[in-house]
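Q: Attaching a single structure in structure tokens format; questions to follow.
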Amino acid sequence: MPGQVQTFALSEVQLLDSPFKQNMERNAGFLLFLDPDRLLHNTRQYCGLEPKGALYGGWEARGVAGQTLGHYLTALSQQYAATGDKRFRRRIDYIVSEMAECQQRYGDGYIGALPPTELAALRALKQGDVRLKDAWVPWYTEHKVLAGLKDAWVLGGNAQARSVALKLADWVDAVTAGLTPAQQATMLRTEFGGMSETLVELYALTGNSRYLETSRRFYDHAVLDPLLAGHDDLPGKHANTQIPKIIGEARRYEVTGDASSRQIAEFFWGLVVDDYTWVIGGNSDREHFFPANAAGEHLGPETAETCNTYNMLKLTEHLMEWQPATKYGDYFERALYNQILPSQEPRHAMFTYFVSLKPGHFRTYCNPTNSFWCCMGTGMENHTKYGEAIYFHDADQLYVNLFIPSRLNWQAESLVLEQKTGYPDPAETELVFKSKPKANLTLKVRCPAWATGPLRFQLNDQPLAVESQPGQFAEVRHPWRKGDRLRITIPMGLRIESLAGAPDKVAILYGPLVLAGDFGPVPESKTYPNSADHTANDRAATAKVPFLVVADRAKLLASLQPVSGEALTFRTQGIGQPEEVTLRPFNSLPYNYYNVYWDVLQPAQWQQRQRELAAAAALRRADELRIVDELHPGEQQSETDHGLSSQQSETGDFGERKWRDARNGGSFTFRMKVLDSVPLNLRCTYWGDDAGGRTFDILVEGQRIATQTLDRNHPGEFFEVEYPIPAELLAGKTSVKVSFQAAANSMAGGLFGCATVKAPPKTGGL
């Protein structure tokens with residue numbers, strides 16, 4: 001592998017008591033709570049075998065059925081590798097044996113839980129039909145299955161998983177072998193997860209070039225070629241569709257030495273971390289990248305998809321191994337402490353899909369049997385592998401990358417090292433040598449770029465002179481002996497980070513921790529919505545968020561005072577308007593209303609903004625109360641949630657927004673939630689410059705409710721039209737079918753947004 005250092009196996013790093021270990025143990029309990037037979041329901045049913053357990057709800061009852069089983073196998077395998085707990089090995093063995101039986105029934109190497117239409121779409125590839133018609137994301141789902149089987153083999157030690165995984169990989173090769181480059185490009189327009197990464201990994205494990213060749217069919221030229229050329233083409237793209245492609249290139253570089261693959265990975269990482277990452281370490285809004293300087297307009301309830309951060313951490317580990325740098329450790333730390341730790345809640349070990357950065361909002365968690373979102377799957381994995389990035393090594397150097405309580409058993413060096421710490425409170429860690437290493441060993445300790453000064457060292461309670469600077473690894477050379485204790489102090493303090501493109505919106509941090517305003521508890525019924533709808537709380541009422549008003553911005557941090565008796569807690573003094581704010585670590589507020597990004601104003605600005613924002617907030621809240629359901633055209637998840645189907649229809653990007661249209665007699669149809677016996681309108685958003693042959697019908701339940709013409713209706717701006725929905729079409733229904741129908745030689749749309757909204761109250765006189 002072309003790398004300078006490598007991480008340790010999960011079996012070599014044992015977590016000691018800390019929030020990380022507590023998350024891991026809660027997650028282990030949830031893994032054991034889940035019923036493998038329920039996760040295997042569709043795997044057995046679709047191959048003609050009687051299911052042994054009832055089907056779980058949520059996404060498991062939809063077109064991505066089976067993706068959770070793949071994540072579950074990976075999580076079980078990582079948990080077993082990290083702990084050696086045979087309860088997890090027994091589950092691995094059982095699931096793999098069941099999958100092997102089902103694979104034998106299919107007879108061609110396929111194994112999975114794809115519904116018949118999804119599987120038919122993949123099998124049609126052999127005939128050159130690459131439209132993946134009526135399928136959701138079949139390759140994405142199959143990647144989870146293939147990766148889970150690979151991990152059951154490599155980490156779980158299950159030999160049967162090797163056979164099942166390779167037969168499935170052979171099937172992937174068989175159905176894609178005849179595709180032309182143009183057909184491959186069409187196929188890759190549908191999200192395909194980390195298929196390229198896992199196929200490259202199978203090549204590395206087996207030496208069979210067949211898998212490397214198959215992986216190349218998942219090279220997406222449309223996305224990767226601009227990155228190779230150093231172009232930022234990310235705005236408007238679905239974020240987590242892209243990140244696994246880059247991980248695949250990282251793995252390709254490691255097994256083939258292809259320098260262009262490394263160039264893509266390094267450029268992408270720098271682009272996303274430097275320009276597209278929220279202060280908590282996550283990225284995206286409603287699953288999509290947006291222009292970096294527009295972040296202030298995207299502080300919504302669907303920011304920071306957890307899957308994205310999971311994958312960015314995977315990519316970061318590769319880059320750290322190639323060329324160790326503290327910037328990688330700083331990102332690990334930011335993302336782990338501020339997004340991954342709080343993505344699990346402590347009562348029931350449930351997971352977030354998004355981590356909302358909407359001002360005054362709160363976190364929404366899945367439920368254990370009726371969600372099974374993608375981020376529930378990666379969530380199961382996240383909390384099994386905290387040990388993978390604490391330490392790295394080469395032949396004679398040990399990198400201390402993270403300050404997490406742990407015991408390292410470096411077998412090759414006969415070294416047992418314990419890291420004891422309450423970091424970041426107190427701001428120090430201690431490394432205890434439980435044995436003497438075989439050779440002279442240099443410790444390289446990360447000094448974070450945010451540190452307020454150099455690291456300070458004590459060896460066996462005596463000061464030790466070590467050169468250290470923030471943003472560099474400090475090198476500690478010593479003839480280590482059993483019993484040596486190296487204490488490291490990491491100087492930290494308060495600091496602010498401005499939001500890209502919005503310098504007057506700032507986040508406040510203390511050391512590695514993002515601090516958030518604490519506005520009290522959220523009702524439990526909101527925290528755990530009793531449905532698979534991860535957007536259920538998007539329009540929930542929020543806490544009122546004060547402004548930070550300070551004449552001299554340089555004095556902002558001096559106005560934050562520690563709260564006596566409460567660790568890592570601060571309160572504003574004299575700058576909170578209309579009231580002061582208590583700030584706590586963001587990861588300590590699982591059930592509370594919170595705020596992360598603050599508007600910083602001059603006193604004169606505060607008076608004007610107070611009037612403007614009060615009026616705007618009232619209008620915005622009134623509008624939110626009207627909304628029953630929203631479709632975001634062109635966004636994969638939203639369209640899938642609304643069951644959208646189409647003919648002669650296209651999607652695209654315009655600025656930061658997506659659209660869908662239908663052409664030459666085509667149409668698109670979707671379902672929208674409605675309320676019985678409540679007057680409703682259908683609200684549609686269009687671009688005011690659209691013109692030229694754009695007259696179309698809008699139908700609800702097959703009945704035309706409007707004919708719309710777009711002909712430069714509002715030049716230079718978006719505009720909305722509300723169409724009343726006849727009451728008889730709503731009676732007794734919870735949802736209705738909405739269709740946009742283009743006439744021959746005409747176009748329907750572009751539609752930039754659609755919502756069912758409560759009709760405004762009628763006004764007027766007698």
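Chain labels follow the order of the structure tokens: the first chain is A, the next B, and so on; residue numbering restarts at 1 in every chain, and ligands are counted from 1 in their shown order.
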Can you tell me which residues surround Tyr399 of chain A at a distance of at most 12 Å, considering only C-alpha atoms, apart from same-chain residues fewer than 2 positions away, and format the answer as a ChimeraX atom specification?
A: /A:4-8,320-321,324-326,329,389-397,401-403,408,441-447,472-476
Q: Using only C-alpha atoms, which residues sit within 8 Å of segment 24-27 of chain A once same-chain residues fewer than 5 positions away are excluded, as number ranges by chain?
A: A: 346, 348-349, 380, 383-384
Q: Can you spit out the residues from that selection as a compact mmCIF listing (two decimals), in the first residue's frame, using N, CA and C atoms?
A:
```
# COMPACT_ATOMS: atom_id res chain seq x y z
N PRO A 346 -28.79 9.09 24.36
CA PRO A 346 -28.42 8.16 25.42
C PRO A 346 -29.53 7.30 26.01
N HIS A 348 -32.13 5.53 24.38
CA HIS A 348 -32.49 4.33 23.63
C HIS A 348 -31.48 3.99 22.53
N ALA A 349 -30.39 4.74 22.46
CA ALA A 349 -29.33 4.51 21.46
C ALA A 349 -29.85 4.69 20.03
N MET A 380 -25.34 2.56 13.06
CA MET A 380 -24.95 1.31 13.71
C MET A 380 -23.44 1.09 13.58
N HIS A 383 -20.63 3.73 15.79
CA HIS A 383 -20.31 3.59 17.21
C HIS A 383 -19.62 2.26 17.54
N THR A 384 -19.26 1.51 16.49
CA THR A 384 -18.49 0.28 16.71
C THR A 384 -17.00 0.48 16.43
```
Q: Just the residues within 12 Å of Gly753 of chain A, please, counting only C-alpha atoms, with nothing from its chain fewer than 5 positions along; format it as a PyMOL selection string.
A: chain A and resi 629-635+638-639+657-661+682-687+718-722
Q: Can you tell me, as number ranges by chain, what residues are no more than 9 Å from Leu357 of chain A when counting only C-alpha atoms, ignoring any on the same chain fewer than 5 positions away?
A: A: 278, 298-304, 362, 594-597
Q: Would you export the selected residues with C-alpha atoms as a PDB file, in the first residue's frame, please?
A:
```
ATOM      1  CA  TRP A 278     -20.405  23.143   8.943  1.00  0.00           C
ATOM      2  CA  HIS A 298     -29.046  27.077   4.381  1.00  0.00           C
ATOM      3  CA  LEU A 299     -29.295  26.935   8.165  1.00  0.00           C
ATOM      4  CA  GLY A 300     -32.264  24.607   8.010  1.00  0.00           C
ATOM      5  CA  PRO A 301     -33.605  21.488   9.712  1.00  0.00           C
ATOM      6  CA  GLU A 302     -32.006  19.086   7.185  1.00  0.00           C
ATOM      7  CA  THR A 303     -28.352  20.093   7.458  1.00  0.00           C
ATOM      8  CA  ALA A 304     -25.393  17.793   8.145  1.00  0.00           C
ATOM      9  CA  PHE A 362     -33.579  20.341  18.007  1.00  0.00           C
ATOM     10  CA  TYR A 594     -30.381  24.752  20.775  1.00  0.00           C
ATOM     11  CA  ASN A 595     -28.626  27.242  18.533  1.00  0.00           C
ATOM     12  CA  VAL A 596     -25.159  27.014  16.947  1.00  0.00           C
ATOM     13  CA  TYR A 597     -24.701  30.003  14.609  1.00  0.00           C
TER      14      TYR A 597
END
```
Q: Compile the contact shell of segment 136-150 of chain A as JSON, numbers by chain: residues with an atom at most 7 Å away, counting only C-alpha atoms, same-chain residues fewer than 3 positions apart removed.
A: {"A": [63, 64, 66, 67, 69, 70, 71, 73, 74, 112, 118, 153, 154, 161, 162, 165, 190, 191, 192, 193, 194, 195, 198]}
Q: Give the answer as one residue: which of A:Glu249, A:Glu213, A:Glu305, A:Asp170 has the shortest atom-to-atom distance to Phe267 of chain A, using only C-alpha atoms?
A: A:Glu249
Q: Determine the nearest neighbour of Cys47 of chain A from the options A:Leu515, A:Cys102, A:Ala75, A:Ala65, counting only C-alpha atoms.
A: A:Cys102
Q: Could you please determine the separation between atom CA of Gln648 of chain A and atom CA of Ala222 of chain A in Å, to one decimal place?
A: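 We find that atom CA of Gln648 of chain A and atom CA of Ala222 of chain A lie 22.2 Å from each other.
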Q: Tell me, as a list of chain:residue names, which residues lie within 8 Å of Pro437 of chain A, counting only C-alpha atoms; anything in the same chain fewer than 2 positions away does not count.
A: A:Glu413, A:Ser414, A:Leu415, A:Ser435, A:Ala439, A:Asn440, A:Leu441, A:Trp480, A:Arg481
Q: Leaving out Ile490 of chain A and any residue of its chain fewer than 3 positions from it, which residues lie within 12 Å of it when counting only C-alpha atoms, given as a PyMOL selection string?
A: chain A and resi 402-403+421+423-430+445-457+468-470+474+487+493+510-512
Q: Write the residues you've just listed into a file as a tab-separated table (two decimals), in the first residue's frame, and include C-alpha atoms for each of them.
A:
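Result file is again.tsv:
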```tsv
chain	number	residue	atom	x	y	z
A	402	LEU	CA	-6.95	11.64	19.21
A	403	PHE	CA	-7.17	12.09	22.95
A	421	THR	CA	-7.91	11.31	30.06
A	423	TYR	CA	-10.27	15.45	27.68
A	424	PRO	CA	-11.34	18.09	26.96
A	425	ASP	CA	-12.08	18.61	30.66
A	426	PRO	CA	-9.39	18.72	31.89
A	427	ALA	CA	-7.37	19.77	28.85
A	428	GLU	CA	-4.76	17.07	29.24
A	429	THR	CA	-4.08	13.42	28.63
A	430	GLU	CA	-1.65	10.90	30.10
A	445	VAL	CA	1.52	13.87	19.32
A	446	ARG	CA	-0.97	16.05	17.46
A	447	CYS	CA	-0.98	19.68	18.51
A	448	PRO	CA	-4.34	20.91	17.14
A	449	ALA	CA	-4.31	23.96	14.90
A	450	TRP	CA	-6.84	25.57	17.25
A	451	ALA	CA	-4.58	25.21	20.32
A	452	THR	CA	-3.77	28.49	22.02
A	453	GLY	CA	-0.11	27.57	22.38
A	454	PRO	CA	2.36	24.68	22.21
A	455	LEU	CA	1.71	21.40	23.98
A	456	ARG	CA	3.29	21.05	27.40
A	457	PHE	CA	4.84	17.76	28.52
A	468	SER	CA	5.70	21.96	19.68
A	469	GLN	CA	3.58	24.31	17.57
A	470	PRO	CA	-0.18	24.37	16.86
A	474	ALA	CA	5.25	17.22	18.46
A	487	ARG	CA	1.39	13.84	30.66
A	493	GLY	CA	-9.68	28.57	25.01
A	510	TYR	CA	-14.00	25.95	23.28
A	511	GLY	CA	-11.06	23.78	22.31
A	512	PRO	CA	-12.46	20.99	20.14
```
Q: Which parts of segment 296-396 of chain A does DSSP call alpha helix (DSSP H) when run on the backbone here, written out as a ChimeraX atom specification?
A: /A:306-322,326-335,374-382
Q: Go ahead and save the picked residues with N, CA and C atoms, as an mmCIF file, in the first residue's frame.
A:
```
data_model
loop_
_atom_site.group_PDB
_atom_site.id
_atom_site.type_symbol
_atom_site.label_atom_id
_atom_site.label_comp_id
_atom_site.auth_asym_id
_atom_site.auth_seq_id
_atom_site.Cartn_x
_atom_site.Cartn_y
_atom_site.Cartn_z
ATOM 1 N N THR A 306 -25.948 12.643 8.491
ATOM 2 C CA THR A 306 -24.968 11.859 9.247
ATOM 3 C C THR A 306 -24.184 10.918 8.347
ATOM 4 N N CYS A 307 -24.815 10.347 7.318
ATOM 5 C CA CYS A 307 -24.095 9.466 6.388
ATOM 6 C C CYS A 307 -22.897 10.180 5.762
ATOM 7 N N ASN A 308 -23.073 11.455 5.452
ATOM 8 C CA ASN A 308 -21.985 12.196 4.810
ATOM 9 C C ASN A 308 -20.749 12.233 5.705
ATOM 10 N N THR A 309 -20.979 12.480 6.994
ATOM 11 C CA THR A 309 -19.864 12.584 7.926
ATOM 12 C C THR A 309 -19.204 11.222 8.128
ATOM 13 N N TYR A 310 -20.005 10.182 8.210
ATOM 14 C CA TYR A 310 -19.486 8.803 8.256
ATOM 15 C C TYR A 310 -18.519 8.576 7.095
ATOM 16 N N ASN A 311 -18.930 8.963 5.893
ATOM 17 C CA ASN A 311 -18.088 8.715 4.723
ATOM 18 C C ASN A 311 -16.895 9.655 4.654
ATOM 19 N N MET A 312 -17.052 10.903 5.097
ATOM 20 C CA MET A 312 -15.901 11.805 5.114
ATOM 21 C C MET A 312 -14.841 11.319 6.088
ATOM 22 N N LEU A 313 -15.250 10.709 7.186
ATOM 23 C CA LEU A 313 -14.273 10.147 8.126
ATOM 24 C C LEU A 313 -13.550 8.954 7.513
ATOM 25 N N LYS A 314 -14.264 8.132 6.749
ATOM 26 C CA LYS A 314 -13.595 7.027 6.047
ATOM 27 C C LYS A 314 -12.538 7.567 5.088
ATOM 28 N N LEU A 315 -12.899 8.601 4.337
ATOM 29 C CA LEU A 315 -11.955 9.189 3.398
ATOM 30 C C LEU A 315 -10.759 9.799 4.135
ATOM 31 N N THR A 316 -11.019 10.457 5.259
ATOM 32 C CA THR A 316 -9.945 11.101 6.025
ATOM 33 C C THR A 316 -8.919 10.080 6.505
ATOM 34 N N GLU A 317 -9.385 8.908 6.895
ATOM 35 C CA GLU A 317 -8.445 7.878 7.352
ATOM 36 C C GLU A 317 -7.472 7.490 6.250
ATOM 37 N N HIS A 318 -7.969 7.369 5.015
ATOM 38 C CA HIS A 318 -7.076 7.048 3.896
ATOM 39 C C HIS A 318 -6.011 8.132 3.734
ATOM 40 N N LEU A 319 -6.425 9.396 3.732
ATOM 41 C CA LEU A 319 -5.478 10.484 3.496
ATOM 42 C C LEU A 319 -4.462 10.596 4.622
ATOM 43 N N MET A 320 -4.897 10.324 5.839
ATOM 44 C CA MET A 320 -3.974 10.358 6.975
ATOM 45 C C MET A 320 -2.893 9.297 6.813
ATOM 46 N N GLU A 321 -3.259 8.145 6.302
ATOM 47 C CA GLU A 321 -2.281 7.073 6.126
ATOM 48 C C GLU A 321 -1.274 7.406 5.029
ATOM 49 N N TRP A 322 -1.700 8.144 4.002
ATOM 50 C CA TRP A 322 -0.782 8.475 2.917
ATOM 51 C C TRP A 322 0.275 9.480 3.363
ATOM 52 N N THR A 326 -1.723 17.073 10.788
ATOM 53 C CA THR A 326 -2.629 17.368 11.892
ATOM 54 C C THR A 326 -3.994 17.833 11.400
ATOM 55 N N LYS A 327 -4.082 18.344 10.170
ATOM 56 C CA LYS A 327 -5.392 18.779 9.676
ATOM 57 C C LYS A 327 -6.360 17.602 9.591
ATOM 58 N N TYR A 328 -5.841 16.407 9.338
ATOM 59 C CA TYR A 328 -6.723 15.239 9.302
ATOM 60 C C TYR A 328 -7.197 14.889 10.709
ATOM 61 N N GLY A 329 -6.274 14.948 11.675
ATOM 62 C CA GLY A 329 -6.669 14.700 13.054
ATOM 63 C C GLY A 329 -7.644 15.747 13.559
ATOM 64 N N ASP A 330 -7.428 16.999 13.156
ATOM 65 C CA ASP A 330 -8.347 18.060 13.566
ATOM 66 C C ASP A 330 -9.739 17.800 13.021
ATOM 67 N N TYR A 331 -9.826 17.300 11.777
ATOM 68 C CA TYR A 331 -11.159 17.002 11.225
ATOM 69 C C TYR A 331 -11.780 15.799 11.925
ATOM 70 N N PHE A 332 -10.993 14.748 12.140
ATOM 71 C CA PHE A 332 -11.499 13.603 12.914
ATOM 72 C C PHE A 332 -12.127 14.099 14.214
ATOM 73 N N GLU A 333 -11.383 14.915 14.933
ATOM 74 C CA GLU A 333 -11.818 15.386 16.242
ATOM 75 C C GLU A 333 -13.093 16.216 16.132
ATOM 76 N N ARG A 334 -13.119 17.160 15.204
ATOM 77 C CA ARG A 334 -14.288 18.024 15.034
ATOM 78 C C ARG A 334 -15.532 17.181 14.757
ATOM 79 N N ALA A 335 -15.421 16.261 13.810
ATOM 80 C CA ALA A 335 -16.587 15.481 13.406
ATOM 81 C C ALA A 335 -17.009 14.480 14.477
ATOM 82 N N CYS A 374 -31.043 5.433 5.908
ATOM 83 C CA CYS A 374 -29.636 5.195 5.567
ATOM 84 C C CYS A 374 -28.734 5.558 6.746
ATOM 85 N N CYS A 375 -29.068 6.666 7.428
ATOM 86 C CA CYS A 375 -28.224 7.124 8.533
ATOM 87 C C CYS A 375 -28.426 6.286 9.789
ATOM 88 N N MET A 376 -29.482 5.494 9.839
ATOM 89 C CA MET A 376 -29.617 4.513 10.908
ATOM 90 C C MET A 376 -28.635 3.372 10.656
ATOM 91 N N GLY A 377 -28.452 3.022 9.371
ATOM 92 C CA GLY A 377 -27.490 1.976 9.019
ATOM 93 C C GLY A 377 -26.059 2.397 9.288
ATOM 94 N N THR A 378 -25.665 3.573 8.802
ATOM 95 C CA THR A 378 -24.301 4.032 9.080
ATOM 96 C C THR A 378 -24.145 4.342 10.567
ATOM 97 N N GLY A 379 -25.260 4.719 11.224
ATOM 98 C CA GLY A 379 -25.201 4.959 12.664
ATOM 99 C C GLY A 379 -24.799 3.721 13.432
ATOM 100 N N MET A 380 -25.343 2.557 13.056
ATOM 101 C CA MET A 380 -24.947 1.307 13.707
ATOM 102 C C MET A 380 -23.440 1.085 13.585
ATOM 103 N N GLU A 381 -22.881 1.472 12.446
ATOM 104 C CA GLU A 381 -21.452 1.276 12.215
ATOM 105 C C GLU A 381 -20.602 2.303 12.975
ATOM 106 N N ASN A 382 -21.066 3.560 12.987
ATOM 107 C CA ASN A 382 -20.255 4.634 13.569
ATOM 108 C C ASN A 382 -19.753 4.297 14.965
#
```
Q: Write out as a PyMOL selection string all residues of segment 571-653 of chain A that DSSP puts in strand (DSSP E) for this structure's backbone.
A: chain A and resi 571-572+576-577+582-585+592-595+598-601+627-631+645-653
